[in-house]
file model.cif (mmCIF, C-alpha atoms)
data_data
#
loop_
_atom_site.label_atom_id
_atom_site.label_comp_id
_atom_site.auth_asym_id
_atom_site.auth_seq_id
_atom_site.Cartn_x
_atom_site.Cartn_y
_atom_site.Cartn_z
CA MET A 1 21.17 9.47 -6.06
CA GLU A 2 21.89 7.95 -9.47
CA LEU A 3 24.20 10.16 -11.54
CA THR A 4 23.93 10.70 -15.28
CA LEU A 5 26.97 10.03 -17.44
CA SER A 6 27.65 13.75 -17.80
CA GLN A 7 27.50 14.20 -14.01
CA LYS A 8 29.91 11.29 -13.51
CA LEU A 9 32.31 12.87 -16.00
CA GLU A 10 31.96 16.43 -14.63
CA CYS A 11 32.28 15.62 -10.93
CA PRO A 12 35.32 17.37 -9.43
CA PHE A 13 38.31 15.26 -8.48
CA PRO A 14 39.30 14.79 -4.83
CA ALA A 15 41.61 17.56 -3.61
CA ALA A 16 44.51 15.08 -3.41
CA SER A 17 44.24 14.57 -7.20
CA VAL A 18 44.55 18.28 -7.98
CA SER A 19 48.10 19.53 -8.45
CA TRP A 20 49.35 23.08 -8.77
CA ARG A 21 51.99 24.65 -10.98
CA ILE A 22 53.43 28.11 -11.27
CA GLY A 23 51.75 30.40 -13.74
CA ARG A 24 52.78 34.04 -14.02
CA LYS A 25 55.56 35.24 -11.67
CA ASN A 26 55.98 38.82 -10.49
CA ALA A 27 58.93 40.85 -11.83
CA GLU A 28 61.06 40.08 -8.77
CA LYS A 29 60.21 36.36 -9.02
CA THR A 30 59.21 36.28 -5.36
CA SER A 31 55.55 35.45 -5.93
CA ALA A 32 53.51 33.67 -8.55
CA ALA A 33 49.97 32.77 -9.50
CA LEU A 34 49.24 29.06 -9.16
CA LEU A 35 47.31 27.07 -11.75
CA ALA A 36 45.45 23.84 -10.95
CA TYR A 37 45.76 20.73 -13.10
CA ILE A 38 45.10 17.01 -13.00
CA ASP A 39 47.13 14.07 -14.20
CA ALA A 40 46.19 12.22 -17.40
CA ARG A 41 46.00 8.96 -15.42
CA ASP A 42 43.24 10.49 -13.29
CA VAL A 43 41.34 11.28 -16.49
CA MET A 44 41.75 7.67 -17.66
CA GLU A 45 40.47 6.43 -14.30
CA ARG A 46 37.44 8.75 -14.57
CA LEU A 47 36.64 7.43 -18.04
CA ASP A 48 37.01 3.82 -16.86
CA ARG A 49 34.70 4.37 -13.89
CA ALA A 50 32.12 6.55 -15.62
CA CYS A 51 31.92 4.72 -18.94
CA GLY A 52 33.44 1.27 -18.39
CA PHE A 53 36.65 0.06 -20.04
CA GLU A 54 34.83 -1.05 -23.17
CA ASN A 55 32.93 2.20 -23.74
CA TRP A 56 35.72 4.71 -24.34
CA GLN A 57 38.77 4.90 -26.54
CA CYS A 58 41.27 7.43 -27.79
CA ARG A 59 43.45 7.88 -30.83
CA TYR A 60 46.19 10.36 -31.73
CA PRO A 61 46.35 11.58 -35.32
CA LEU A 62 49.14 14.06 -36.09
CA SER A 63 48.12 17.18 -37.98
CA GLU A 64 50.16 18.48 -40.91
CA SER A 65 51.38 21.35 -38.72
CA GLY A 66 52.84 18.94 -36.15
CA LEU A 67 50.05 19.48 -33.65
CA LEU A 68 49.14 16.21 -31.97
CA VAL A 69 45.39 15.74 -31.80
CA CYS A 70 43.74 13.45 -29.30
CA GLU A 71 40.31 12.12 -30.16
CA ILE A 72 38.30 10.63 -27.31
CA GLY A 73 35.34 8.50 -28.27
CA LEU A 74 32.57 7.43 -25.93
CA ARG A 75 30.06 4.74 -26.81
CA ILE A 76 26.67 6.19 -25.90
CA ASN A 77 23.49 4.31 -26.82
CA ASN A 78 25.64 1.93 -28.86
CA GLU A 79 27.01 4.74 -31.02
CA TRP A 80 30.55 6.18 -30.90
CA LEU A 81 30.65 9.93 -30.32
CA TRP A 82 33.98 11.75 -30.66
CA ARG A 83 35.49 14.98 -29.35
CA SER A 84 39.03 16.12 -30.01
CA ASN A 85 41.62 18.73 -29.14
CA GLY A 86 45.32 19.15 -29.75
CA ALA A 87 48.59 20.24 -28.22
CA GLY A 88 52.11 21.10 -29.30
CA ASP A 89 55.39 20.21 -27.61
CA THR A 90 55.69 21.07 -23.94
CA GLN A 91 58.71 22.45 -22.08
CA VAL A 92 59.21 19.23 -20.09
CA GLU A 93 59.32 15.89 -21.92
CA ALA A 94 58.04 17.43 -25.15
CA GLU A 95 56.58 14.28 -26.78
CA LYS A 96 55.05 12.81 -23.62
CA GLY A 97 53.76 16.20 -22.57
CA LYS A 98 52.17 16.74 -25.96
CA CYS A 99 50.27 13.43 -25.69
CA SER A 100 49.17 14.11 -22.13
CA ASP A 101 48.08 17.69 -22.85
CA ALA A 102 46.12 16.71 -25.96
CA PHE A 103 44.39 13.92 -24.02
CA LYS A 104 43.44 16.17 -21.11
CA ARG A 105 42.24 18.92 -23.46
CA ALA A 106 40.04 16.46 -25.35
CA ALA A 107 38.68 15.18 -22.00
CA VAL A 108 37.67 18.73 -21.04
CA LEU A 109 35.34 18.69 -24.05
CA TRP A 110 33.53 15.81 -22.31
CA GLY A 111 33.38 17.86 -19.07
CA ILE A 112 36.27 16.12 -17.29
CA GLY A 113 38.23 18.67 -15.28
CA ARG A 114 36.50 21.62 -16.94
CA TYR A 115 35.76 23.12 -13.52
CA LEU A 116 39.52 23.66 -13.02
CA TYR A 117 39.37 26.57 -15.47
CA GLY A 118 36.98 28.34 -13.11
CA LEU A 119 39.25 28.08 -10.09
CA PRO A 120 40.95 31.21 -8.82
CA SER A 121 44.70 31.46 -9.46
CA PRO A 122 45.92 32.41 -6.01
CA ARG A 123 49.14 34.40 -5.72
CA VAL A 124 51.66 32.82 -3.35
CA LYS A 125 55.16 33.64 -2.18
CA ILE A 126 57.80 31.47 -3.83
CA ASP A 127 61.38 30.79 -2.87
CA GLN A 128 64.43 30.93 -5.14
CA TYR A 129 63.63 27.39 -6.35
CA GLY A 130 60.03 28.21 -7.27
CA LYS A 131 58.55 26.36 -4.29
CA TRP A 132 55.66 27.58 -2.16
CA ALA A 133 54.72 26.76 1.42
CA GLU A 134 51.25 25.26 1.03
CA ASP A 135 48.85 24.31 -1.74
CA PRO A 136 45.67 26.40 -1.94
CA LYS A 137 42.45 25.01 -0.51
CA LEU A 138 39.81 24.24 -3.10
CA PRO A 139 36.49 26.09 -2.88
CA ASP A 140 33.62 23.86 -1.77
CA TRP A 141 32.01 23.83 -5.23
CA ALA A 142 35.25 22.32 -6.63
CA THR A 143 35.09 19.22 -4.41
CA PRO A 144 33.11 16.03 -4.90
CA ALA A 145 31.10 16.73 -1.72
CA GLY A 146 30.27 20.28 -2.84
CA PHE A 147 29.29 19.04 -6.30
CA MET A 148 26.98 16.39 -4.84
CA ALA A 149 25.43 18.90 -2.42
CA ALA A 150 24.70 21.27 -5.33
CA LEU A 151 23.11 18.43 -7.33
CA LYS A 152 20.94 17.45 -4.38
CA ALA A 153 19.86 21.06 -3.80
CA ASP A 154 19.03 21.41 -7.51
CA GLN A 155 16.97 18.21 -7.43
CA GLU A 156 15.07 19.41 -4.35
CA THR A 157 14.38 22.77 -5.99
CA ARG A 158 13.04 21.08 -9.12
CA ALA A 159 10.90 18.70 -7.08
CA SER A 160 9.30 21.55 -5.13
CA LYS A 161 8.14 23.36 -8.28
#
call {"tool": "encode", "arguments": {"input": "model.cif", "output": "C-alpha coordinates"}}
result
Amino acid sequence: MELTLSQKLECPFPAASVSWRIGRKNAEKTSAALLAYIDARDVMERLDRACGFENWQCRYPLSESGLLVCEIGLRINNEWLWRSNGAGDTQVEAEKGKCSDAFKRAAVLWGIGRYLYGLPSPRVKIDQYGKWAEDPKLPDWATPAGFMAALKADQETRASK
(Lines of atoms letter the chains of each structure in order from A and count residues from 1; the text may use other names and numbers.)
(Lines give C-alpha, C1' and ligand atoms only; values in the text may rest on other atoms or scores of the structure.)
Protein backbone atom coordinates (compact mmCIF):
# COMPACT_ATOMS: atom_id res chain seq x y z
CA MET A 1 0.00 0.00 0.00
CA GLU A 2 1.40 3.39 -1.03
CA LEU A 3 1.16 5.91 1.80
CA THR A 4 0.36 9.59 1.38
CA LEU A 5 2.75 12.17 2.81
CA SER A 6 0.40 12.85 5.72
CA GLN A 7 0.20 9.11 6.51
CA LYS A 8 3.99 8.84 6.41
CA LEU A 9 4.27 11.76 8.83
CA GLU A 10 1.46 10.57 11.15
CA CYS A 11 2.50 6.92 11.43
CA PRO A 12 3.31 6.03 15.05
CA PHE A 13 6.93 5.44 15.97
CA PRO A 14 8.17 1.97 16.97
CA ALA A 15 7.71 1.30 20.69
CA ALA A 16 11.50 1.42 21.18
CA SER A 17 11.47 5.08 20.05
CA VAL A 18 8.86 6.12 22.62
CA SER A 19 10.27 7.22 25.97
CA TRP A 20 8.43 7.94 29.20
CA ARG A 21 8.88 10.63 31.82
CA ILE A 22 7.24 11.35 35.12
CA GLY A 23 4.27 13.66 35.03
CA ARG A 24 2.23 14.32 38.16
CA LYS A 25 3.32 12.52 41.36
CA ASN A 26 1.01 11.63 44.23
CA ALA A 27 1.37 13.55 47.52
CA GLU A 28 3.55 10.82 49.05
CA LYS A 29 5.74 10.71 45.91
CA THR A 30 5.36 6.94 45.71
CA SER A 31 3.51 6.87 42.39
CA ALA A 32 3.33 9.03 39.30
CA ALA A 33 1.58 9.34 35.97
CA LEU A 34 3.88 8.67 33.03
CA LEU A 35 3.92 10.80 29.89
CA ALA A 36 5.14 9.52 26.51
CA TYR A 37 7.53 11.50 24.33
CA ILE A 38 9.86 11.08 21.39
CA ASP A 39 13.33 12.40 20.73
CA ALA A 40 13.89 15.29 18.31
CA ARG A 41 16.31 13.12 16.31
CA ASP A 42 13.46 10.67 15.65
CA VAL A 43 11.42 13.57 14.28
CA MET A 44 14.31 14.57 12.00
CA GLU A 45 14.59 10.99 10.77
CA ARG A 46 10.83 10.91 10.06
CA LEU A 47 11.07 14.13 8.05
CA ASP A 48 14.08 12.80 6.10
CA ARG A 49 12.31 9.54 5.25
CA ALA A 50 8.86 10.98 4.54
CA CYS A 51 9.89 14.11 2.65
CA GLY A 52 13.50 13.60 1.56
CA PHE A 53 16.44 15.65 2.84
CA GLU A 54 15.87 18.39 0.28
CA ASN A 55 12.15 18.85 0.97
CA TRP A 56 12.10 20.03 4.57
CA GLN A 57 13.85 22.69 6.58
CA CYS A 58 13.55 24.47 9.89
CA ARG A 59 14.48 27.84 11.30
CA TYR A 60 14.39 29.30 14.81
CA PRO A 61 13.38 32.95 15.17
CA LEU A 62 13.34 34.29 18.74
CA SER A 63 10.22 36.18 19.77
CA GLU A 64 10.42 39.47 21.66
CA SER A 65 9.24 37.68 24.80
CA GLY A 66 12.16 35.23 24.67
CA LEU A 67 10.06 32.36 23.38
CA LEU A 68 11.99 30.36 20.82
CA VAL A 69 9.86 29.58 17.79
CA CYS A 70 10.62 26.71 15.45
CA GLU A 71 9.27 26.94 11.94
CA ILE A 72 9.22 23.72 9.92
CA GLY A 73 8.78 24.07 6.20
CA LEU A 74 7.88 21.26 3.83
CA ARG A 75 8.17 21.57 0.07
CA ILE A 76 4.89 20.23 -1.30
CA ASN A 77 4.12 20.51 -5.01
CA ASN A 78 7.20 22.73 -5.35
CA GLU A 79 5.88 25.24 -2.82
CA TRP A 80 7.17 25.76 0.74
CA LEU A 81 4.48 25.43 3.40
CA TRP A 82 5.31 26.40 6.99
CA ARG A 83 3.99 25.54 10.44
CA SER A 84 5.46 26.82 13.68
CA ASN A 85 5.29 26.54 17.45
CA GLY A 86 7.39 27.75 20.32
CA ALA A 87 8.85 26.82 23.68
CA GLY A 88 10.48 28.49 26.66
CA ASP A 89 13.43 27.30 28.72
CA THR A 90 13.21 23.78 30.10
CA GLN A 91 14.31 22.50 33.51
CA VAL A 92 17.15 20.43 32.05
CA GLU A 93 19.60 22.04 29.62
CA ALA A 94 17.41 25.12 29.20
CA GLU A 95 18.69 26.31 25.79
CA LYS A 96 18.96 22.86 24.19
CA GLY A 97 15.64 21.83 25.67
CA LYS A 98 13.98 24.95 24.33
CA CYS A 99 15.19 24.19 20.78
CA SER A 100 14.17 20.54 20.99
CA ASP A 101 10.75 21.29 22.46
CA ALA A 102 9.97 23.99 19.89
CA PHE A 103 11.03 21.64 17.08
CA LYS A 104 8.89 18.75 18.34
CA ARG A 105 5.90 21.05 18.92
CA ALA A 106 6.16 22.41 15.38
CA ALA A 107 6.41 18.82 14.07
CA VAL A 108 3.16 17.93 15.84
CA LEU A 109 1.45 20.52 13.64
CA TRP A 110 2.50 18.35 10.67
CA GLY A 111 1.07 15.26 12.44
CA ILE A 112 4.40 13.86 13.67
CA GLY A 113 3.92 12.33 17.12
CA ARG A 114 0.47 13.88 17.55
CA TYR A 115 -0.92 10.48 18.55
CA LEU A 116 1.20 10.61 21.73
CA TYR A 117 -1.21 13.18 23.17
CA GLY A 118 -3.98 10.58 22.97
CA LEU A 119 -2.09 7.95 24.94
CA PRO A 120 -3.22 7.15 28.46
CA SER A 121 -0.94 8.39 31.26
CA PRO A 122 -0.63 5.24 33.33
CA ARG A 123 0.05 5.58 37.05
CA VAL A 124 3.04 3.56 38.21
CA LYS A 125 4.83 3.01 41.50
CA ILE A 126 8.10 4.91 41.72
CA ASP A 127 11.05 4.50 44.04
CA GLN A 128 12.83 7.22 46.00
CA TYR A 129 14.85 8.08 42.87
CA GLY A 130 11.80 8.46 40.64
CA LYS A 131 12.37 5.18 38.80
CA TRP A 132 9.67 2.69 37.84
CA ALA A 133 9.88 -1.03 37.17
CA GLU A 134 8.66 -1.29 33.58
CA ASP A 135 7.61 1.01 30.75
CA PRO A 136 3.93 0.83 29.79
CA LYS A 137 2.91 -1.17 26.74
CA LEU A 138 1.57 0.92 23.89
CA PRO A 139 -2.00 0.28 22.73
CA ASP A 140 -2.18 -1.40 19.33
CA TRP A 141 -3.44 1.76 17.59
CA ALA A 142 -0.25 3.56 18.73
CA THR A 143 2.09 1.16 16.91
CA PRO A 144 3.12 1.14 13.26
CA ALA A 145 1.45 -2.27 12.76
CA GLY A 146 -1.80 -1.09 14.34
CA PHE A 147 -1.74 2.10 12.25
CA MET A 148 -1.22 0.13 9.03
CA ALA A 149 -3.97 -2.35 9.95
CA ALA A 150 -6.39 0.54 10.53
CA LEU A 151 -5.46 2.10 7.17
CA LYS A 152 -5.99 -1.22 5.40
CA ALA A 153 -9.37 -1.74 7.10
CA ASP A 154 -10.40 1.80 6.14
CA GLN A 155 -9.39 1.21 2.52
CA GLU A 156 -11.35 -2.06 2.42
CA THR A 157 -14.42 -0.35 3.89
CA ARG A 158 -14.24 2.43 1.29
CA ALA A 159 -13.76 -0.07 -1.53
CA SER A 160 -16.83 -2.07 -0.49
CA LYS A 161 -19.14 0.96 -0.64
call {"tool": "closest_residue", "arguments": {"input": "model.cif", "among": "A:Ala153, A:Met1, A:Trp20, A:Asp140", "to": "Ala32 in chain A", "atoms": "all atoms listed in the file"}}
result
A:Trp20
call {"tool": "closest_atom_pairs", "arguments": {"input": "model.cif", "of": "range 3-114 of chain A", "to": "range 118-135 of chain A", "cutoff": "12 Å", "atoms": "only C-alpha atoms", "output": "CSV"}}
result
residue,atom,partner,partner_atom,distance
A:Pro12,CA,A:Leu119,CA,11.4
A:Ala15,CA,A:Asp135,CA,10.1
A:Ala16,CA,A:Asp135,CA,10.3
A:Val18,CA,A:Asp135,CA,9.7
A:Ser19,CA,A:Asp135,CA,8.3
A:Trp20,CA,A:Asp135,CA,7.2
A:Arg21,CA,A:Lys131,CA,9.5
A:Ile22,CA,A:Gly130,CA,7.7
A:Gly23,CA,A:Ser121,CA,8.3
A:Arg24,CA,A:Arg123,CA,9.1
A:Lys25,CA,A:Arg123,CA,8.8
A:Asn26,CA,A:Arg123,CA,9.4
A:Glu28,CA,A:Gln128,CA,10.4
A:Lys29,CA,A:Ile126,CA,7.5
A:Thr30,CA,A:Ile126,CA,5.2
A:Ser31,CA,A:Lys125,CA,4.2
A:Ala32,CA,A:Arg123,CA,5.3
A:Ala33,CA,A:Arg123,CA,4.2
A:Leu34,CA,A:Ser121,CA,5.1
A:Leu35,CA,A:Ser121,CA,5.6
A:Ala36,CA,A:Leu119,CA,7.6
A:Tyr37,CA,A:Leu119,CA,10.3
A:Gly113,CA,A:Gly118,CA,10.0
A:Arg114,CA,A:Gly118,CA,7.7
call {"tool": "atom_distance", "arguments": {"input": "model.cif", "atom1": "CA of Ala50 in chain A", "atom2": "CA of Leu3 in chain A"}}
result
9.6 Å
call {"tool": "resolve_selection", "arguments": {"input": "model.cif", "expression": "the PyMOL selection byres ((chain A and resi 51) around 9)", "output": "mmCIF file with C-alpha atoms, keeping the file's coordinate frame"}}
result
data_model
loop_
_atom_site.group_PDB
_atom_site.id
_atom_site.type_symbol
_atom_site.label_atom_id
_atom_site.label_comp_id
_atom_site.auth_asym_id
_atom_site.auth_seq_id
_atom_site.Cartn_x
_atom_site.Cartn_y
_atom_site.Cartn_z
ATOM 1 C CA LEU A 5 26.970 10.030 -17.440
ATOM 2 C CA LYS A 8 29.910 11.290 -13.510
ATOM 3 C CA LEU A 9 32.310 12.870 -16.000
ATOM 4 C CA ARG A 46 37.440 8.750 -14.570
ATOM 5 C CA LEU A 47 36.640 7.430 -18.040
ATOM 6 C CA ASP A 48 37.010 3.820 -16.860
ATOM 7 C CA ARG A 49 34.700 4.370 -13.890
ATOM 8 C CA ALA A 50 32.120 6.550 -15.620
ATOM 9 C CA GLY A 52 33.440 1.270 -18.390
ATOM 10 C CA PHE A 53 36.650 0.060 -20.040
ATOM 11 C CA GLU A 54 34.830 -1.050 -23.170
ATOM 12 C CA ASN A 55 32.930 2.200 -23.740
ATOM 13 C CA TRP A 56 35.720 4.710 -24.340
ATOM 14 C CA LEU A 74 32.570 7.430 -25.930
ATOM 15 C CA ARG A 75 30.060 4.740 -26.810
ATOM 16 C CA ILE A 76 26.670 6.190 -25.900
#
call {"tool": "closest_residue", "arguments": {"input": "model.cif", "among": "A:Lys137, A:Arg158, A:Lys104, A:Lys98", "to": "Cys58 in chain A", "atoms": "all atoms listed in the file"}}
result
A:Lys104
call {"tool": "atom_distance", "arguments": {"input": "model.cif", "atom1": "CA of Ser84 in chain A", "atom2": "CA of Ile112 in chain A"}}
result
13.0 Å
call {"tool": "closest_residue", "arguments": {"input": "model.cif", "among": "A:Cys11, A:Phe147, A:Asp39, A:Arg105", "to": "Cys70 in chain A", "atoms": "all atoms listed in the file"}}
result
A:Arg105
call {"tool": "atom_distance", "arguments": {"input": "model.cif", "atom1": "CA of Gln7 in chain A", "atom2": "CA of Val69 in chain A"}}
result
25.3 Å
